[in-house]
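Comments concern the structure below.
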Number of protein chains: 2
Amino acid sequence: MTTTPLSPTPRTTVGRGRNRMVEDRAALHALLADALVAHLGVTVTRDGHSHPLVLPTAYAVDLDGPDTGGTLYLHGSVAAGWLRAATDATVCVTITELDGLVTARSAFHHSMNYRSAVVIGTARAVDDPAECRHALDLIVDHMVPGRSATLRASTRKELAATAVLAVPLLEASLKARAGGPVDDPEDVAAGIWGGHIPVRRVVGAAVSDIDADVPVPADVRARAAAL
Amino acid sequence: MTTTPLSPTPRTTVGRGRNRMVEDRAALHALLADALVAHLGVTVTRDGHSHPLVLPTAYAVDLDGPDTGGTLYLHGSVAAGWLRAATDATVCVTITELDGLVTARSAFHHSMNYRSAVVIGTARAVDDPAECRHALDLIVDHMVPGRSATLRASTRKELAATAVLAVPLLEASLKARAGGPVDDPEDVAAGIWGGHIPVRRVVGAAVSDIDADVPVPADVRARAAAL
């Protein structure tokens with residue numbers, strides 16, 4: 001595991017809101033472990049005009065992966081246009097968890113509590129079959145820890161239909177906000193209420209498919225809420 | 001309120017996974033009402049090299065706004081670099097709600113349940129003071145319905161420090177997935193368990209700031225979980 005500092009380049013150095021900047025790679029890793037969805041930004045070109053495209057996607061992280069700072073893995077259909085646009089291009093992968101609504105004493109100081117990581121790097125198409133299988137296992141295990149080991153091996157056809165992209169975790173920034181509002185002293189002195197509303201993501205109980213007589217596997221039970 | 005169909009242009013027509021495409025503007029509006037965070041994609045240029053940047057941000061929607069299809073509003077500090085990069089440029093605003101983890105019978109068919117809107121358009125700097133104030137009220141009310149009417153008016157200084165961007169809702173696409181896995185018949189026949197784990201966002205009880213003797217306002221109580 002790397003101890004590279006966050007934000008080693010200007011493009012992942014936080015501009016506005018430096019007070020929200022977190023300079024701790026362990027905090028980045030914790031957010032990446034908590035969150036489930038990444039938003040991938042790629043530049044697409046159509047009829048000679050380029051524009052950004054942002055798509056939600058599953059992901060996984062290998063802190064011991066081959067890229068500097070560790071490796072962030074994405075996957076998709078080999079036929080997906082965004083995958084072709086991303087390969088060997090600079091992409092931005094942003095991972096955000098919403099933690100609360102900050103209900104300040106003025107509209108201006110309303111805010112949200114959150115943790116958000118921005119990773120910028122060149123996306124590498126993973127060609128090595130062993131790295132590809134490892135990445136796909138990590139993506140399944142990121143959703144449900146331990147699950148990949150309980151499933152049958154992927155077929156050659158399934159692997160051929162799936163593309164895996166790797167983005168180095170080297171260039172990353174992390175911002176976070178927590179707690180109540182930072183209000184103007186006059187508004188506090190006026191006795192106006194201020195506070196925040198915590199927000200969190202919860203999982204429900206596992207819903208069995210058509211085979212209700214097959215018991216829910218232990219890995220899924222551990223990930224889901226107790227019945 | 002408009003009834004423009006979704007995806008009126010090729011760049012917001014769903015490519016892969018057309019079975020997940022939702023052709024219903026009401027479903028788009030429902031997602032935009034449910035979600036709290038948007039991911040804004042802009043193209044930034046540094047030292048002559050352009051790359052996408054994706055940032056999380058609060059937002060609000062005015063279906064009767066001045067732009068075709070309704071208006072999506074974003075805001076930020078006038079000093080924010082991303083705001084300058086977005087103004088008069090093509091941006092992508094993606095809004096995603098995670099609804100579940102699809103724990104299929106094979107790694108290949110693992111998926112997520114979600115709703116995700118992609119809006120592509122030219123971001124307009126909102127210069128009209130009345131539209132600006134209206135947009136900021138909508139952003140506060142999107143977090144806590146009815147809240148803007150309970151707060152003091154924003155000062156001239158606060159308004160001068162805040163920039164508002166408008167993106168037309170015209171060019172939008174919506175994808176959604178719900179329910180259990182779509183597995184290979186052989187895996188189902190093999191009696192392997194398959195199913196899904198629902199995921200949802202919950203709010204906690206409002207946390208009062210330093211003034212614990214001031215009662216929590218009705219709008220915040222209505223938004224937060226009961227104590």
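Labels for the structure tokens follow display order: chains A, B, ..., residues from 1 in each chain, ligands from 1.
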Go through chain B residue by residue and, counting only C-alpha atoms, keep those with an atom at most 7 Å from chain A; for each kept residue give the shortest atom pair and its distance in Å to one decimal, ordered by chain and increasing number, as JSON lines.
{"residue": "B:Arg16", "atom": "CA", "partner": "A:Ala80", "partner_atom": "CA", "distance": 5.9}
{"residue": "B:Gly41", "atom": "CA", "partner": "A:Pro52", "partner_atom": "CA", "distance": 5.7}
{"residue": "B:Val42", "atom": "CA", "partner": "A:Pro52", "partner_atom": "CA", "distance": 5.9}
{"residue": "B:Thr43", "atom": "CA", "partner": "A:Pro52", "partner_atom": "CA", "distance": 6.1}
{"residue": "B:His51", "atom": "CA", "partner": "A:Thr90", "partner_atom": "CA", "distance": 5.8}
{"residue": "B:Pro52", "atom": "CA", "partner": "A:Gly41", "partner_atom": "CA", "distance": 5.7}
{"residue": "B:Leu53", "atom": "CA", "partner": "A:Cys92", "partner_atom": "CA", "distance": 5.6}
{"residue": "B:Val54", "atom": "CA", "partner": "A:Gly41", "partner_atom": "CA", "distance": 6.0}
{"residue": "B:Leu55", "atom": "CA", "partner": "A:Thr94", "partner_atom": "CA", "distance": 6.8}
{"residue": "B:Pro56", "atom": "CA", "partner": "A:Thr96", "partner_atom": "CA", "distance": 6.9}
{"residue": "B:Ala80", "atom": "CA", "partner": "A:Arg16", "partner_atom": "CA", "distance": 5.9}
{"residue": "B:Thr90", "atom": "CA", "partner": "A:His51", "partner_atom": "CA", "distance": 5.9}
{"residue": "B:Val91", "atom": "CA", "partner": "A:Pro52", "partner_atom": "CA", "distance": 6.1}
{"residue": "B:Cys92", "atom": "CA", "partner": "A:Leu53", "partner_atom": "CA", "distance": 5.6}
{"residue": "B:Thr94", "atom": "CA", "partner": "A:Val54", "partner_atom": "CA", "distance": 6.0}
{"residue": "B:Thr96", "atom": "CA", "partner": "A:Pro56", "partner_atom": "CA", "distance": 6.9}
{"residue": "B:Leu101", "atom": "CA", "partner": "A:Met143", "partner_atom": "CA", "distance": 6.9}
{"residue": "B:Arg105", "atom": "CA", "partner": "A:Leu151", "partner_atom": "CA", "distance": 6.9}
{"residue": "B:Ser106", "atom": "CA", "partner": "A:Leu151", "partner_atom": "CA", "distance": 5.7}
{"residue": "B:Ala107", "atom": "CA", "partner": "A:Val140", "partner_atom": "CA", "distance": 6.6}
{"residue": "B:Phe108", "atom": "CA", "partner": "A:Glu158", "partner_atom": "CA", "distance": 6.5}
{"residue": "B:Val140", "atom": "CA", "partner": "A:Ala107", "partner_atom": "CA", "distance": 6.5}
{"residue": "B:Met143", "atom": "CA", "partner": "A:Leu101", "partner_atom": "CA", "distance": 6.9}
{"residue": "B:Ser148", "atom": "CA", "partner": "A:Ala107", "partner_atom": "CA", "distance": 6.8}
{"residue": "B:Leu151", "atom": "CA", "partner": "A:Ser106", "partner_atom": "CA", "distance": 5.8}
{"residue": "B:Arg152", "atom": "CA", "partner": "A:Ser106", "partner_atom": "CA", "distance": 6.3}
{"residue": "B:Ser154", "atom": "CA", "partner": "A:Ala107", "partner_atom": "CA", "distance": 6.7}
{"residue": "B:Glu158", "atom": "CA", "partner": "A:Phe108", "partner_atom": "CA", "distance": 6.5}
{"residue": "B:Gly180", "atom": "CA", "partner": "A:Asp209", "partner_atom": "CA", "distance": 6.1}
{"residue": "B:Trp193", "atom": "CA", "partner": "A:Val214", "partner_atom": "CA", "distance": 5.8}
{"residue": "B:Gly194", "atom": "CA", "partner": "A:Asp209", "partner_atom": "CA", "distance": 5.4}
{"residue": "B:Gly195", "atom": "CA", "partner": "A:Ser208", "partner_atom": "CA", "distance": 4.4}
{"residue": "B:His196", "atom": "CA", "partner": "A:Val207", "partner_atom": "CA", "distance": 5.3}
{"residue": "B:Ile197", "atom": "CA", "partner": "A:Ala206", "partner_atom": "CA", "distance": 4.5}
{"residue": "B:Pro198", "atom": "CA", "partner": "A:Gly204", "partner_atom": "CA", "distance": 5.0}
{"residue": "B:Val199", "atom": "CA", "partner": "A:Val203", "partner_atom": "CA", "distance": 4.4}
{"residue": "B:Arg200", "atom": "CA", "partner": "A:Val202", "partner_atom": "CA", "distance": 5.5}
{"residue": "B:Arg201", "atom": "CA", "partner": "A:Arg201", "partner_atom": "CA", "distance": 4.4}
{"residue": "B:Val202", "atom": "CA", "partner": "A:Arg200", "partner_atom": "CA", "distance": 5.5}
{"residue": "B:Val203", "atom": "CA", "partner": "A:Val199", "partner_atom": "CA", "distance": 4.4}
{"residue": "B:Gly204", "atom": "CA", "partner": "A:Pro198", "partner_atom": "CA", "distance": 5.0}
{"residue": "B:Ala205", "atom": "CA", "partner": "A:Ile197", "partner_atom": "CA", "distance": 6.2}
{"residue": "B:Ala206", "atom": "CA", "partner": "A:Ile197", "partner_atom": "CA", "distance": 4.5}
{"residue": "B:Val207", "atom": "CA", "partner": "A:His196", "partner_atom": "CA", "distance": 5.3}
{"residue": "B:Ser208", "atom": "CA", "partner": "A:Gly195", "partner_atom": "CA", "distance": 4.4}
{"residue": "B:Asp209", "atom": "CA", "partner": "A:Gly195", "partner_atom": "CA", "distance": 4.5}
{"residue": "B:Asp211", "atom": "CA", "partner": "A:Trp193", "partner_atom": "CA", "distance": 6.7}
{"residue": "B:Val214", "atom": "CA", "partner": "A:Trp193", "partner_atom": "CA", "distance": 5.8}
{"residue": "B:Val216", "atom": "CA", "partner": "A:Trp193", "partner_atom": "CA", "distance": 6.5}
{"residue": "B:Ala224", "atom": "CA", "partner": "A:Ile197", "partner_atom": "CA", "distance": 6.1}
So which residues of chain A fall under strand (DSSP E) by DSSP, listed as a PyMOL selection string? chain A and resi 38-46+49-57+60-62+71-77+90-103+111-122+124-125+162-168+172-177+195-203+207-208
Can you pull out every residue within 8 Å of Ala163 (chain B), counting only C-alpha atoms, but drop anything in the same chain fewer than 5 positions away, and send it as a ChimeraX atom specification?
/B:75-78,83,125-126
Let me see the file: selected residues, all heavy atoms, as a PDB file, in the first residue's frame.
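Result written to result_7.pdb:
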ATOM      1  N   HIS B  75     -25.166  26.386  -8.621  1.00  0.00           N
ATOM      2  CA  HIS B  75     -24.591  27.618  -8.116  1.00  0.00           C
ATOM      3  C   HIS B  75     -23.211  27.358  -7.523  1.00  0.00           C
ATOM      4  O   HIS B  75     -22.830  26.216  -7.268  1.00  0.00           O
ATOM      5  CB  HIS B  75     -25.503  28.293  -7.095  1.00  0.00           C
ATOM      6  CG  HIS B  75     -25.479  27.645  -5.734  1.00  0.00           C
ATOM      7  ND1 HIS B  75     -25.487  26.284  -5.549  1.00  0.00           N
ATOM      8  CD2 HIS B  75     -25.449  28.181  -4.505  1.00  0.00           C
ATOM      9  CE1 HIS B  75     -25.467  26.011  -4.259  1.00  0.00           C
ATOM     10  NE2 HIS B  75     -25.433  27.140  -3.598  1.00  0.00           N
ATOM     11  N   GLY B  76     -22.489  28.417  -7.331  1.00  0.00           N
ATOM     12  CA  GLY B  76     -21.166  28.298  -6.742  1.00  0.00           C
ATOM     13  C   GLY B  76     -20.587  29.671  -6.471  1.00  0.00           C
ATOM     14  O   GLY B  76     -21.221  30.692  -6.751  1.00  0.00           O
ATOM     15  N   SER B  77     -19.385  29.674  -5.922  1.00  0.00           N
ATOM     16  CA  SER B  77     -18.700  30.934  -5.679  1.00  0.00           C
ATOM     17  C   SER B  77     -18.300  31.567  -7.003  1.00  0.00           C
ATOM     18  O   SER B  77     -17.874  30.868  -7.918  1.00  0.00           O
ATOM     19  CB  SER B  77     -17.446  30.670  -4.841  1.00  0.00           C
ATOM     20  OG  SER B  77     -16.554  31.757  -4.957  1.00  0.00           O
ATOM     21  N   VAL B  78     -18.435  32.879  -7.091  1.00  0.00           N
ATOM     22  CA  VAL B  78     -18.007  33.568  -8.322  1.00  0.00           C
ATOM     23  C   VAL B  78     -16.519  33.322  -8.603  1.00  0.00           C
ATOM     24  O   VAL B  78     -16.077  33.453  -9.735  1.00  0.00           O
ATOM     25  CB  VAL B  78     -18.265  35.098  -8.266  1.00  0.00           C
ATOM     26  CG1 VAL B  78     -19.750  35.396  -8.366  1.00  0.00           C
ATOM     27  CG2 VAL B  78     -17.668  35.718  -7.016  1.00  0.00           C
ATOM     28  N   LEU B  83     -16.805  27.145 -12.470  1.00  0.00           N
ATOM     29  CA  LEU B  83     -17.910  27.984 -12.940  1.00  0.00           C
ATOM     30  C   LEU B  83     -17.507  28.771 -14.183  1.00  0.00           C
ATOM     31  O   LEU B  83     -18.276  28.888 -15.135  1.00  0.00           O
ATOM     32  CB  LEU B  83     -18.346  28.937 -11.826  1.00  0.00           C
ATOM     33  CG  LEU B  83     -19.638  28.536 -11.142  1.00  0.00           C
ATOM     34  CD1 LEU B  83     -19.721  29.119  -9.756  1.00  0.00           C
ATOM     35  CD2 LEU B  83     -20.828  28.976 -11.983  1.00  0.00           C
ATOM     36  N   ALA B 125     -24.823  31.709 -17.788  1.00  0.00           N
ATOM     37  CA  ALA B 125     -24.666  32.470 -16.542  1.00  0.00           C
ATOM     38  C   ALA B 125     -25.954  33.264 -16.324  1.00  0.00           C
ATOM     39  O   ALA B 125     -26.405  33.988 -17.219  1.00  0.00           O
ATOM     40  CB  ALA B 125     -23.469  33.407 -16.647  1.00  0.00           C
ATOM     41  N   VAL B 126     -26.549  33.117 -15.159  1.00  0.00           N
ATOM     42  CA  VAL B 126     -27.797  33.831 -14.857  1.00  0.00           C
ATOM     43  C   VAL B 126     -27.437  35.236 -14.382  1.00  0.00           C
ATOM     44  O   VAL B 126     -26.848  35.402 -13.304  1.00  0.00           O
ATOM     45  CB  VAL B 126     -28.630  33.079 -13.805  1.00  0.00           C
ATOM     46  CG1 VAL B 126     -29.863  33.878 -13.425  1.00  0.00           C
ATOM     47  CG2 VAL B 126     -29.017  31.700 -14.333  1.00  0.00           C
TER      48      VAL B 126
END
Can you list, as a PyMOL selection string, every protein, DNA or RNA residue that comes within 10 Å of Leu169 (chain B) when you count only C-alpha atoms, leaving out same-chain residues fewer than 5 positions away? chain B and resi 2+4+6+25+28-29+61-63+65+67-73+93+118-121
Can you write out the residues you just picked, keeping N, CA and C atoms, as a short mmCIF file (atom, residue, chain, number, x, y, z; two decimals), in the first residue's frame?
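The file below, selection-v6.cif, is the result:
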data_model
loop_
_atom_site.label_atom_id
_atom_site.label_comp_id
_atom_site.auth_asym_id
_atom_site.auth_seq_id
_atom_site.Cartn_x
_atom_site.Cartn_y
_atom_site.Cartn_z
N THR B 2 -43.27 21.48 -19.60
CA THR B 2 -43.12 21.00 -20.96
C THR B 2 -43.40 19.51 -21.07
N THR B 4 -41.87 18.00 -23.83
CA THR B 4 -40.84 17.62 -24.79
C THR B 4 -40.38 16.18 -24.53
N LEU B 6 -37.94 13.02 -24.14
CA LEU B 6 -36.54 12.90 -23.76
C LEU B 6 -35.70 12.63 -25.00
N ARG B 25 -40.69 11.86 -19.69
CA ARG B 25 -40.18 13.07 -19.06
C ARG B 25 -40.63 13.18 -17.60
N LEU B 28 -38.13 11.50 -15.48
CA LEU B 28 -36.96 12.38 -15.30
C LEU B 28 -37.24 13.39 -14.20
N HIS B 29 -38.40 14.02 -14.26
CA HIS B 29 -38.73 15.03 -13.26
C HIS B 29 -38.80 14.41 -11.86
N VAL B 61 -34.40 22.45 -9.90
CA VAL B 61 -35.03 22.41 -11.21
C VAL B 61 -36.23 23.35 -11.19
N ASP B 62 -36.39 24.12 -12.26
CA ASP B 62 -37.60 24.90 -12.46
C ASP B 62 -38.22 24.44 -13.79
N LEU B 63 -39.26 23.61 -13.67
CA LEU B 63 -39.87 23.05 -14.90
C LEU B 63 -40.51 24.16 -15.72
N GLY B 65 -39.01 27.08 -15.92
CA GLY B 65 -37.91 28.01 -16.14
C GLY B 65 -37.82 28.46 -17.60
N ASP B 67 -35.69 28.10 -19.94
CA ASP B 67 -35.02 27.30 -20.97
C ASP B 67 -35.95 26.21 -21.50
N THR B 68 -35.68 25.81 -22.73
CA THR B 68 -36.53 24.80 -23.36
C THR B 68 -36.45 23.50 -22.56
N GLY B 69 -37.60 22.97 -22.21
CA GLY B 69 -37.65 21.74 -21.42
C GLY B 69 -37.59 21.99 -19.93
N GLY B 70 -37.48 23.27 -19.55
CA GLY B 70 -37.30 23.60 -18.14
C GLY B 70 -35.83 23.89 -17.87
N THR B 71 -35.54 24.38 -16.67
CA THR B 71 -34.19 24.84 -16.34
C THR B 71 -33.64 24.10 -15.14
N LEU B 72 -32.39 23.64 -15.27
CA LEU B 72 -31.67 23.06 -14.14
C LEU B 72 -30.68 24.13 -13.66
N TYR B 73 -30.75 24.45 -12.37
CA TYR B 73 -29.89 25.50 -11.82
C TYR B 73 -28.78 24.91 -10.95
N VAL B 93 -24.56 17.27 -16.90
CA VAL B 93 -24.99 17.17 -15.51
C VAL B 93 -25.65 15.80 -15.33
N VAL B 118 -28.91 12.00 -17.49
CA VAL B 118 -27.78 12.72 -18.09
C VAL B 118 -28.36 13.90 -18.85
N VAL B 119 -27.96 15.10 -18.47
CA VAL B 119 -28.43 16.32 -19.13
C VAL B 119 -27.22 16.98 -19.79
N ILE B 120 -27.31 17.24 -21.06
CA ILE B 120 -26.22 17.89 -21.78
C ILE B 120 -26.74 19.20 -22.35
N GLY B 121 -26.00 20.27 -22.14
CA GLY B 121 -26.45 21.55 -22.67
C GLY B 121 -25.41 22.62 -22.46
#
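Counting from CA of Cys132 (chain B), the distance to CA of Val164 (chain B) is 6.3 Å.
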